[in-house]
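Asks: Below is work-v1.cif; it holds mmCIF, C-alpha atoms.
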```cif
data_coords
#
loop_
_atom_site.label_atom_id
_atom_site.label_comp_id
_atom_site.auth_asym_id
_atom_site.auth_seq_id
_atom_site.Cartn_x
_atom_site.Cartn_y
_atom_site.Cartn_z
CA MET N 1 29.84 -13.74 -11.40
CA THR N 2 26.40 -14.77 -12.58
CA THR N 3 23.38 -14.83 -10.30
CA ASP N 4 21.94 -18.18 -9.23
CA ILE N 5 18.83 -19.19 -11.14
CA VAL N 6 15.73 -20.23 -9.23
CA THR N 7 13.19 -22.81 -10.27
CA ASP N 8 10.74 -20.49 -12.04
CA GLY N 9 13.47 -19.26 -14.41
CA ALA N 10 13.99 -15.85 -12.82
CA SER N 11 17.17 -14.82 -11.07
CA VAL N 12 17.28 -14.22 -7.33
CA ASP N 13 17.88 -10.55 -8.15
CA ASP N 14 14.70 -10.47 -10.25
CA ALA N 15 12.76 -12.17 -7.47
CA VAL N 16 13.90 -9.80 -4.72
CA VAL N 17 13.54 -6.61 -6.74
CA GLY N 18 10.16 -7.87 -7.92
CA GLU N 19 9.00 -8.19 -4.32
CA LEU N 20 10.49 -4.78 -3.49
CA THR N 21 8.70 -3.07 -6.36
CA GLY N 22 5.45 -5.03 -6.52
CA ARG N 23 2.17 -3.34 -5.72
CA GLY N 24 -0.24 -4.50 -3.04
CA MET N 25 0.02 -6.06 0.40
CA GLN N 26 0.51 -9.70 -0.45
CA PRO N 27 1.87 -11.76 2.47
CA ARG N 28 5.19 -12.46 0.73
CA GLN N 29 5.79 -8.72 0.24
CA LEU N 30 5.07 -8.11 3.92
CA ILE N 31 7.50 -10.91 4.79
CA VAL N 32 10.23 -9.34 2.65
CA THR N 33 9.63 -6.03 4.45
CA ILE N 34 9.93 -7.72 7.86
CA TYR N 35 13.12 -9.51 6.84
CA GLY N 36 14.56 -6.30 5.42
CA LEU N 37 13.77 -4.33 8.57
CA TYR N 38 14.45 -6.81 11.36
CA ALA N 39 16.01 -10.12 10.30
CA ARG N 40 19.27 -8.56 9.15
CA GLU N 41 19.89 -7.49 12.75
CA ALA N 42 19.87 -11.18 13.70
CA GLY N 43 22.11 -12.41 10.91
CA GLY N 44 19.29 -12.51 8.37
CA TRP N 45 17.33 -15.23 10.22
CA LEU N 46 13.87 -15.42 11.77
CA SER N 47 12.04 -18.40 13.20
CA VAL N 48 8.83 -19.57 11.56
CA ALA N 49 7.03 -19.16 14.89
CA SER N 50 8.08 -15.50 15.12
CA LEU N 51 7.02 -14.82 11.55
CA VAL N 52 3.61 -16.36 12.18
CA ARG N 53 3.10 -14.19 15.28
CA LEU N 54 4.28 -11.02 13.52
CA LEU N 55 2.15 -11.59 10.44
CA ALA N 56 -0.86 -12.17 12.68
CA ASP N 57 -0.52 -8.50 13.70
CA LEU N 58 -0.96 -7.70 10.01
CA GLY N 59 -4.06 -9.86 9.66
CA VAL N 60 -2.32 -12.72 7.82
CA ASP N 61 -3.18 -16.25 8.98
CA GLU N 62 -0.67 -19.06 9.47
CA PRO N 63 -1.46 -21.04 6.28
CA ALA N 64 -0.90 -17.92 4.18
CA VAL N 65 2.39 -17.24 5.99
CA ARG N 66 3.68 -20.76 5.39
CA SER N 67 2.58 -20.72 1.74
CA SER N 68 4.35 -17.39 1.16
CA ILE N 69 7.51 -18.61 2.89
CA SER N 70 7.54 -21.65 0.61
CA ARG N 71 7.26 -19.45 -2.44
CA LEU N 72 10.08 -17.17 -1.27
CA LYS N 73 12.17 -20.27 -0.62
CA ARG N 74 11.52 -21.59 -4.14
CA ARG N 75 12.56 -18.25 -5.58
CA GLY N 76 15.87 -18.32 -3.74
CA ILE N 77 15.11 -15.42 -1.41
CA LEU N 78 14.87 -17.45 1.80
CA LEU N 79 16.92 -20.46 2.86
CA ALA N 80 15.73 -22.96 5.48
CA GLU N 81 17.89 -23.20 8.60
CA ARG N 82 17.33 -24.42 12.16
CA ARG N 83 18.85 -22.48 15.05
CA GLY N 84 18.67 -23.56 18.66
CA GLY N 85 16.24 -26.27 17.69
CA ALA N 86 13.82 -23.80 16.09
CA ALA N 87 12.78 -24.00 12.45
CA GLY N 88 13.36 -20.81 10.53
CA TYR N 89 14.62 -19.12 7.40
CA GLU N 90 17.49 -16.80 6.58
CA LEU N 91 17.98 -14.43 3.68
CA SER N 92 20.11 -15.71 0.81
CA GLY N 93 23.33 -13.87 0.03
CA ALA N 94 21.86 -12.43 -3.17
CA ALA N 95 18.77 -11.24 -1.31
CA LEU N 96 20.90 -9.54 1.34
CA GLU N 97 22.85 -7.70 -1.36
CA ILE N 98 19.73 -6.45 -3.12
CA LEU N 99 18.16 -5.34 0.16
CA ARG N 100 21.31 -3.42 1.08
CA GLU N 101 21.21 -1.66 -2.27
CA GLY N 102 17.51 -0.97 -1.76
CA ASP N 103 18.14 0.78 1.56
CA GLU N 104 19.90 3.63 -0.21
CA ARG N 105 16.95 4.16 -2.55
CA ILE N 106 14.10 3.61 -0.12
CA PHE N 107 15.35 5.72 2.79
CA ARG N 108 16.91 8.55 0.82
CA ARG N 109 15.20 11.91 1.28
CA GLU N 110 17.26 14.13 -1.03
CA ARG N 111 16.50 14.62 -4.70
CA ALA N 112 19.08 15.05 -7.41
CA THR N 113 20.01 18.54 -8.55
CA LEU N 114 20.51 19.89 -12.04
CA ALA N 115 24.11 20.78 -11.19
CA GLU N 116 24.94 17.09 -10.64
CA GLY N 117 24.10 16.28 -14.25
CA TRP N 118 22.99 12.98 -15.73
CA VAL N 119 24.22 9.47 -16.37
CA LEU N 120 23.63 8.04 -19.85
CA ALA N 121 23.55 4.32 -20.53
CA VAL N 122 24.15 3.66 -24.23
CA PHE N 123 23.84 0.05 -25.28
CA SER N 124 23.89 -2.14 -28.35
CA VAL N 125 22.97 -5.81 -28.12
CA PRO N 126 23.06 -8.10 -31.19
CA GLU N 127 19.74 -9.55 -32.33
CA SER N 128 21.13 -13.02 -31.66
CA GLU N 129 21.30 -12.10 -27.96
CA ARG N 130 17.92 -10.44 -27.62
CA GLN N 131 17.40 -11.98 -24.17
CA LYS N 132 20.32 -9.93 -22.87
CA ARG N 133 18.70 -6.85 -24.39
CA HIS N 134 15.52 -7.65 -22.46
CA VAL N 135 17.45 -8.12 -19.22
CA LEU N 136 19.33 -4.87 -19.73
CA ARG N 137 16.15 -2.89 -20.39
CA THR N 138 14.43 -4.49 -17.40
CA GLN N 139 17.24 -3.66 -15.01
CA LEU N 140 17.61 -0.06 -16.22
CA THR N 141 13.86 0.41 -15.82
CA ARG N 142 14.03 -0.95 -12.28
CA LEU N 143 16.82 1.48 -11.48
CA GLY N 144 14.55 4.33 -12.59
CA PHE N 145 16.16 5.17 -15.94
CA GLY N 146 14.08 6.90 -18.59
CA THR N 147 14.37 6.37 -22.33
CA ALA N 148 15.86 9.35 -24.16
CA ALA N 149 16.18 7.58 -27.54
CA PRO N 150 16.47 3.99 -28.84
CA GLY N 151 19.44 2.47 -27.03
CA VAL N 152 20.00 5.61 -24.94
CA TRP N 153 18.76 5.64 -21.35
CA ILE N 154 19.09 8.49 -18.88
CA ALA N 155 18.94 9.03 -15.13
CA PRO N 156 20.23 11.50 -12.53
CA ALA N 157 23.99 11.18 -12.20
CA ASP N 158 23.85 9.80 -8.67
CA LEU N 159 22.57 6.50 -10.10
CA ARG N 160 25.80 5.83 -11.98
CA ASP N 161 27.27 3.53 -9.32
CA ALA N 162 24.05 1.53 -9.05
CA ALA N 163 23.90 1.22 -12.84
CA SER N 164 27.52 0.10 -13.03
CA SER N 165 26.91 -2.50 -10.31
CA VAL N 166 23.85 -3.91 -12.08
CA LEU N 167 25.59 -4.12 -15.45
CA ARG N 168 28.48 -6.05 -13.89
CA ARG N 169 26.19 -8.36 -11.90
CA TYR N 170 24.29 -9.38 -15.01
CA GLU N 171 27.45 -9.58 -17.13
CA LEU N 172 26.15 -6.83 -19.42
CA ALA N 173 29.09 -4.42 -19.18
CA GLY N 174 30.32 -5.51 -22.60
CA TYR N 175 27.11 -4.29 -24.23
CA ALA N 176 26.83 -0.83 -22.69
CA ASP N 177 28.73 2.36 -21.99
CA LEU N 178 28.00 4.79 -19.18
CA PHE N 179 28.56 8.55 -19.59
CA HIS N 180 28.36 11.46 -17.15
CA ALA N 181 26.59 14.23 -19.06
CA GLU N 182 24.87 17.59 -18.85
CA HIS N 183 22.05 18.94 -21.00
CA LEU N 184 23.37 21.70 -23.26
CA ALA N 185 20.71 22.04 -26.00
CA PHE N 186 18.11 21.90 -27.49
CA GLY N 187 14.56 22.27 -26.21
CA ASP N 188 13.02 22.68 -22.80
CA LEU N 189 14.41 20.14 -20.33
CA ARG N 190 11.18 20.03 -18.30
CA THR N 191 9.28 19.00 -21.42
CA LYS N 192 11.83 16.35 -22.29
CA VAL N 193 11.82 14.87 -18.77
CA ALA N 194 8.04 14.47 -19.06
CA GLN N 195 8.68 12.48 -22.25
CA TRP N 196 11.46 10.34 -20.80
CA TRP N 197 9.51 9.40 -17.63
CA ASP N 198 5.81 8.72 -17.07
CA LEU N 199 5.28 11.55 -14.61
CA GLU N 200 1.50 11.25 -14.81
CA GLN N 201 1.64 7.68 -13.57
CA LEU N 202 4.04 8.65 -10.79
CA GLN N 203 1.79 11.54 -9.77
CA GLN N 204 -1.13 9.12 -9.57
CA LEU N 205 0.80 6.51 -7.57
CA TYR N 206 2.02 9.11 -5.11
CA GLY N 207 -1.54 10.38 -4.79
CA GLU N 208 -2.79 6.87 -3.99
CA PHE N 209 -0.06 6.50 -1.36
CA ILE N 210 -1.12 9.79 0.25
CA GLY N 211 -4.77 8.77 0.22
CA VAL N 212 -4.02 5.56 2.11
CA HIS N 213 -1.36 6.68 4.58
CA GLN N 214 -2.06 10.34 5.34
CA PRO N 215 -5.09 9.37 7.49
CA VAL N 216 -2.83 6.91 9.35
CA LEU N 217 -0.36 9.72 10.02
CA LYS N 218 -3.11 12.01 11.31
CA ARG N 219 -4.26 9.25 13.68
CA TRP N 220 -0.75 8.73 15.06
CA ARG N 221 -0.21 12.47 15.51
CA ARG N 222 -3.17 12.45 17.93
CA ARG N 223 -2.04 9.36 19.80
CA ARG N 224 -0.05 9.69 22.98
CA ALA N 225 0.19 6.19 24.49
CA PRO N 226 2.47 3.81 22.54
CA ARG N 227 0.92 0.70 21.01
CA GLY N 228 3.60 -1.70 19.82
CA PRO N 229 1.58 -4.16 17.70
CA GLU N 230 -0.32 -1.39 15.93
CA ALA N 231 2.84 0.67 15.37
CA PHE N 232 4.53 -2.41 13.90
CA ALA N 233 1.61 -3.18 11.58
CA ASP N 234 1.29 0.40 10.32
CA TYR N 235 5.05 0.76 9.82
CA VAL N 236 5.33 -2.47 7.84
CA ARG N 237 2.35 -1.48 5.70
CA VAL N 238 3.60 2.02 4.92
CA LEU N 239 7.10 0.79 4.09
CA THR N 240 5.74 -2.01 1.89
CA ASP N 241 3.68 0.56 -0.02
CA TRP N 242 6.49 3.14 -0.16
CA ARG N 243 9.44 1.03 -1.19
CA ARG N 244 8.33 0.49 -4.80
CA LEU N 245 8.03 4.22 -5.48
CA PRO N 246 11.76 5.12 -5.33
CA TYR N 247 12.34 2.46 -8.00
CA LEU N 248 9.92 4.25 -10.33
CA ASP N 249 11.01 7.77 -9.41
CA PRO N 250 14.80 8.14 -9.64
CA GLY N 251 14.80 11.32 -7.57
CA LEU N 252 14.47 13.73 -10.47
CA PRO N 253 15.46 17.34 -9.72
CA ALA N 254 12.57 19.29 -8.20
CA ASP N 255 13.10 22.06 -10.79
CA LEU N 256 11.94 19.68 -13.52
CA LEU N 257 8.81 18.34 -11.83
CA PRO N 258 5.23 19.62 -12.17
CA LYS N 259 3.89 22.08 -9.63
CA ASP N 260 2.06 20.46 -6.71
CA TRP N 261 4.14 17.31 -7.16
CA ASN N 262 2.52 14.58 -5.04
CA GLY N 263 5.90 12.98 -4.43
CA THR N 264 6.84 15.78 -2.05
CA VAL N 265 3.81 15.24 0.18
CA ALA N 266 4.14 11.45 -0.06
CA ALA N 267 7.74 11.62 1.15
CA GLU N 268 6.72 13.85 4.06
CA VAL N 269 4.02 11.33 5.04
CA PHE N 270 6.37 8.37 4.83
CA PHE N 271 9.28 9.88 6.75
CA GLU N 272 7.07 11.32 9.49
CA LEU N 273 5.38 7.94 9.95
CA LYS N 274 8.81 6.33 10.03
CA SER N 275 9.88 8.75 12.76
CA LEU N 276 6.73 8.12 14.80
CA LEU N 277 6.54 4.34 14.45
CA GLU N 278 10.05 2.97 13.94
CA GLN N 279 11.09 2.64 17.58
CA GLN N 280 7.77 1.27 18.84
CA ALA N 281 7.70 -1.25 16.00
CA HIS N 282 11.26 -2.35 16.72
CA GLU N 283 10.50 -2.90 20.41
CA HIS N 284 7.45 -4.97 19.51
CA VAL N 285 9.49 -7.21 17.18
CA GLU N 286 12.14 -7.69 19.88
CA ALA N 287 9.42 -8.76 22.34
CA VAL N 288 7.89 -11.21 19.86
CA THR N 289 11.18 -12.79 18.73
CA ALA N 290 12.37 -13.19 22.36
CA ARG N 291 9.54 -15.59 23.21
#
```
Here is a file; write its structure as C-alpha cells.

Replies:
Amino acid sequence: MTTDIVTDGASVDDAVVGELTGRGMQPRQLIVTIYGLYAREAGGWLSVASLVRLLADLGVDEPAVRSSISRLKRRGILLAERRGGAAGYELSGAALEILREGDERIFRRERATLAEGWVLAVFSVPESERQKRHVLRTQLTRLGFGTAAPGVWIAPADLRDAASSVLRRYELAGYADLFHAEHLAFGDLRTKVAQWWDLEQLQQLYGEFIGVHQPVLKRWRRRRAPRGPEAFADYVRVLTDWRRLPYLDPGLPADLLPKDWNGTVAAEVFFELKSLLEQQAHEHVEAVTAR
C-alpha cells in the first residue's frame, strides 16, 4: 500500500521522520515530541488549548503554536478533530505507525554485537526510475545504513526487520535484496566501519548533546523538590534533541567504535534524565490536559 501524499509533495512518512530527525528546537518538533510522548495515551488526540499551555512551558507563544500545528496538518501528520466540544488534533495513522517504529530506536539502550552480524541491502534501480533510487537511498540513510559500495548498503543485523518494513511500505521490495551476512575478509573492520559511516560527525553531534544536557542533568541531580513544569520542559527538550541521533547511529558494535566514544556518555545523560524527569513530566501533562 502506498503512503498518502501531502500537499508539499513529500509523503507522510517523510514528514514524520523528518521531524523526528531534524535538528533544533523548532515548535513543530517540540509538538511532535509531545504527541509522541503523551497524545498516544489519549488515542492520539490533544486539544489546542492544552497544546498552547504545554508549549508555553517551553517558551513558545500561542501564534507560533498555531502556525506549527497548521504546518503539521498540511503535511498530513495531524488531523483536525473536535472532542467534547473542544478543538484539537489527532495523529494520522501513518504518523502513529512511524512514531511506534521510532520508539524502538529512540529508547533502545543496547548496541549491536559483532556476533549478530550484518544486514546487506543490495539494490538496482533502472535509470528510468531514478526517483525510486532516490527514495530508496533516503530511507536506508534514515534507518542508519552505511554505504559499503555502489548499490550495497550495510547495517547491524538487528535492523533487518525495519529495513524490510520500509522497503515494503515504499513499494521498493522489487528493486532490492536483503542478506544476513558476516565479515570474513579482507582488511580491518574498524577501518572499514569508519569509511562506511561518518563517525567524526556522530562524535561531534554526541559531543554537542552532552554539552547542552549534561549541565541539566547535574542540576536535577542536586534537586530534591519536584517541579512539574520544569521537569516537563527539560524532558521534552532532551528527547527532542536525542531522538535524531539513533537515526544517524545504527547502534554499531562498541568494539568497532573509537575510544572515548561520545555516544556512550550521551546515552548515559539521556537515560538518566529520562529516569529523573519522566514521571514528573507525565504528572504535569495530566494536570494540564485535565483542565

Asks: Kindly resolve the PyMOL selection byres ((chain N and resi 279) around 12) on the present coordinates and return the residues as a VMD selection string.

Replies: chain N and resid 37 to 38 226 to 229 231 to 232 235 273 to 278 280 to 286

Asks: Please expand the PyMOL selection byres ((chain N and resi 103-115) around 7) into the concrete residues it hits in this file, giving the result as a PyMOL selection string.

Replies: chain N and resi 99-102+116-117+156+243+246+251-253

Asks: Run the PyMOL selection byres ((chain N and resi 165-167) around 12) mentally over the shown coordinates, then write out the matched residues as a ChimeraX atom specification, using the chain letters and numbers from the document.

Replies: /N:1-3,13-14,17,97-98,101,121-123,132-133,135-143,159-164,168-178

Asks: Just the number, please: distance in Å from atom CA of Val238 of chain N to atom CA of Leu96 of chain N, one decimal.

Replies: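 For atom CA of Val238 of chain N relative to atom CA of Leu96 of chain N, the distance reads 21.1 Å.
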
Asks: Find the residues near segment 82-91 of chain N: any atom within 8 Å, counting all atoms listed in the file, skip ones fewer than 3 places away on the same chain, and give them as number ranges by chain.

Replies: N: 35, 39, 43-49, 77-79, 95-96

Asks: So how far away is atom CA of Val265 of chain N from atom CA of Ala148 of chain N, in Å?

Replies: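 Computing the Euclidean distance for atom CA of Ala148 of chain N and atom CA of Val265 of chain N yields 27.8 Å.
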
Asks: Between N:Gly36, N:Gly59, N:Gly211, N:Pro150, which has the minimum distance to Glu230 of chain N (counting all atoms listed in the file)?

Replies: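 Closest to Glu230 of chain N of all the choices is N:Gly59.
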
Asks: Give me, as a PDB file with C-alpha atoms, in the coordinates of the input, all polymer residues having an atom no more than 8 Å from Val236 of chain N, counting only C-alpha atoms and skipping those fewer than 3 positions away in the same chain.

Replies:
```pdb
ATOM      1  CA  LEU N  30       5.070  -8.110   3.920  1.00  0.00           C
ATOM      2  CA  THR N  33       9.630  -6.030   4.450  1.00  0.00           C
ATOM      3  CA  ILE N  34       9.930  -7.720   7.860  1.00  0.00           C
ATOM      4  CA  PHE N 232       4.530  -2.410  13.900  1.00  0.00           C
ATOM      5  CA  ALA N 233       1.610  -3.180  11.580  1.00  0.00           C
ATOM      6  CA  LEU N 239       7.100   0.790   4.090  1.00  0.00           C
ATOM      7  CA  THR N 240       5.740  -2.010   1.890  1.00  0.00           C
TER       8      THR N 240
END
```

Asks: When you count only C-alpha atoms, which of these residues is closest to Ser68 of chain N: N:Gln26, N:Glu81, N:Asp158, N:Val269?

Replies: N:Gln26

Asks: Work out how far apart atom CA of Val193 of chain N and atom CA of Lys259 of chain N are and give it in Å to one decimal.

Replies: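 If I compute the distance from atom CA of Val193 of chain N to atom CA of Lys259 of chain N, I get 14.1 Å.
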
Asks: Fewer than 5 positions away in the same chain doesn't count, so skip those; otherwise give me all residues within 9 Å of Trp242 of chain N, counting all atoms listed in the file, as a count of residues only.

Replies: 7

Asks: Would you mind listing what lies within 9 Å of segment 50-53 of chain N as a list in words, with all atoms listed in the file counted and same-chain residues fewer than 3 positions away left out?

Replies: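 That gives Ile31, Ile34, Leu46, Ser47, Ala56, Asp57, Val60, Asp61, Glu62, Val65, Arg66, Gly88, Val285, Val288, Thr289, Ala290 and Arg291 of chain N.
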
Asks: Keeping C-alpha atoms for every residue in the selection just given, could you write it to a file as a short mmCIF file (atom, residue, chain, number, x, y, z; two decimals), keeping the file's coordinate frame?

Replies:
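Contents of again27.cif, as written:
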```cif
data_model
loop_
_atom_site.label_atom_id
_atom_site.label_comp_id
_atom_site.auth_asym_id
_atom_site.auth_seq_id
_atom_site.Cartn_x
_atom_site.Cartn_y
_atom_site.Cartn_z
CA ILE N 31 7.50 -10.91 4.79
CA ILE N 34 9.93 -7.72 7.86
CA LEU N 46 13.87 -15.42 11.77
CA SER N 47 12.04 -18.40 13.20
CA ALA N 56 -0.86 -12.17 12.68
CA ASP N 57 -0.52 -8.50 13.70
CA VAL N 60 -2.32 -12.72 7.82
CA ASP N 61 -3.18 -16.25 8.98
CA GLU N 62 -0.67 -19.06 9.47
CA VAL N 65 2.39 -17.24 5.99
CA ARG N 66 3.68 -20.76 5.39
CA GLY N 88 13.36 -20.81 10.53
CA VAL N 285 9.49 -7.21 17.18
CA VAL N 288 7.89 -11.21 19.86
CA THR N 289 11.18 -12.79 18.73
CA ALA N 290 12.37 -13.19 22.36
CA ARG N 291 9.54 -15.59 23.21
#
```

Asks: Determine the nearest neighbour of Leu199 of chain N from the options N:Asn262, N:Gln29, N:Ser124, N:Ser67, counting only C-alpha atoms.

Replies: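 Of N:Asn262, N:Gln29, N:Ser124, N:Ser67, the one nearest Leu199 of chain N, counting only C-alpha atoms, is N:Asn262.
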
Asks: Between N:Ala157, N:Val152, N:Pro27, N:Pro215, which residue has the minimum interatomic distance to Ser70 of chain N, considering all atoms listed in the file?

Replies: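 Of the candidates, the smallest distance to Ser70 of chain N is held by N:Pro27.
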
Asks: Restricting the calculation to all atoms listed in the file, which member of N:Asp234, N:Leu217, N:Ala149, N:Glu200 is positioned closest to Met25 of chain N?

Replies: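 Answer, going by the shortest atom-to-atom distance: N:Asp234.
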
Asks: N, CA and C atoms for segment 65-83 of chain N, written as an mmCIF file, in the coordinates of the input, could you do that?

Replies:
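selection21.cif was written with the following content:
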```
data_model
loop_
_atom_site.group_PDB
_atom_site.id
_atom_site.type_symbol
_atom_site.label_atom_id
_atom_site.label_comp_id
_atom_site.auth_asym_id
_atom_site.auth_seq_id
_atom_site.Cartn_x
_atom_site.Cartn_y
_atom_site.Cartn_z
ATOM 1 N N VAL N 65 0.980 -17.501 5.673
ATOM 2 C CA VAL N 65 2.390 -17.240 5.990
ATOM 3 C C VAL N 65 3.256 -18.381 5.470
ATOM 4 N N ARG N 66 2.862 -19.597 5.787
ATOM 5 C CA ARG N 66 3.680 -20.760 5.390
ATOM 6 C C ARG N 66 3.711 -20.913 3.870
ATOM 7 N N SER N 67 2.603 -20.650 3.206
ATOM 8 C CA SER N 67 2.580 -20.720 1.740
ATOM 9 C C SER N 67 3.503 -19.677 1.125
ATOM 10 N N SER N 68 3.494 -18.464 1.687
ATOM 11 C CA SER N 68 4.350 -17.390 1.160
ATOM 12 C C SER N 68 5.820 -17.684 1.414
ATOM 13 N N ILE N 69 6.127 -18.230 2.592
ATOM 14 C CA ILE N 69 7.510 -18.610 2.890
ATOM 15 C C ILE N 69 8.002 -19.638 1.887
ATOM 16 N N SER N 70 7.152 -20.611 1.576
ATOM 17 C CA SER N 70 7.540 -21.650 0.610
ATOM 18 C C SER N 70 7.833 -21.050 -0.753
ATOM 19 N N ARG N 71 7.025 -20.081 -1.145
ATOM 20 C CA ARG N 71 7.260 -19.450 -2.440
ATOM 21 C C ARG N 71 8.568 -18.664 -2.441
ATOM 22 N N LEU N 72 8.830 -17.925 -1.369
ATOM 23 C CA LEU N 72 10.080 -17.170 -1.270
ATOM 24 C C LEU N 72 11.280 -18.105 -1.236
ATOM 25 N N LYS N 73 11.098 -19.273 -0.630
ATOM 26 C CA LYS N 73 12.170 -20.270 -0.620
ATOM 27 C C LYS N 73 12.422 -20.787 -2.038
ATOM 28 N N ARG N 74 11.360 -21.094 -2.773
ATOM 29 C CA ARG N 74 11.520 -21.590 -4.140
ATOM 30 C C ARG N 74 12.198 -20.574 -5.041
ATOM 31 N N ARG N 75 11.990 -19.312 -4.748
ATOM 32 C CA ARG N 75 12.560 -18.250 -5.580
ATOM 33 C C ARG N 75 13.971 -17.870 -5.154
ATOM 34 N N GLY N 76 14.493 -18.560 -4.140
ATOM 35 C CA GLY N 76 15.870 -18.320 -3.740
ATOM 36 C C GLY N 76 16.076 -17.131 -2.846
ATOM 37 N N ILE N 77 15.000 -16.572 -2.300
ATOM 38 C CA ILE N 77 15.110 -15.420 -1.410
ATOM 39 C C ILE N 77 15.375 -15.859 0.016
ATOM 40 N N LEU N 78 14.702 -16.913 0.451
ATOM 41 C CA LEU N 78 14.870 -17.450 1.800
ATOM 42 C C LEU N 78 15.472 -18.847 1.746
ATOM 43 N N LEU N 79 16.295 -19.156 2.743
ATOM 44 C CA LEU N 79 16.920 -20.460 2.860
ATOM 45 C C LEU N 79 16.553 -21.056 4.219
ATOM 46 N N ALA N 80 16.124 -22.315 4.236
ATOM 47 C CA ALA N 80 15.730 -22.960 5.480
ATOM 48 C C ALA N 80 16.947 -23.225 6.363
ATOM 49 N N GLU N 81 16.813 -22.931 7.649
ATOM 50 C CA GLU N 81 17.890 -23.200 8.600
ATOM 51 C C GLU N 81 17.297 -23.300 10.013
ATOM 52 N N ARG N 82 17.741 -24.283 10.767
ATOM 53 C CA ARG N 82 17.330 -24.420 12.160
ATOM 54 C C ARG N 82 18.385 -23.788 13.060
ATOM 55 N N ARG N 83 17.933 -23.070 14.077
ATOM 56 C CA ARG N 83 18.850 -22.480 15.050
ATOM 57 C C ARG N 83 18.284 -22.721 16.453
#
```
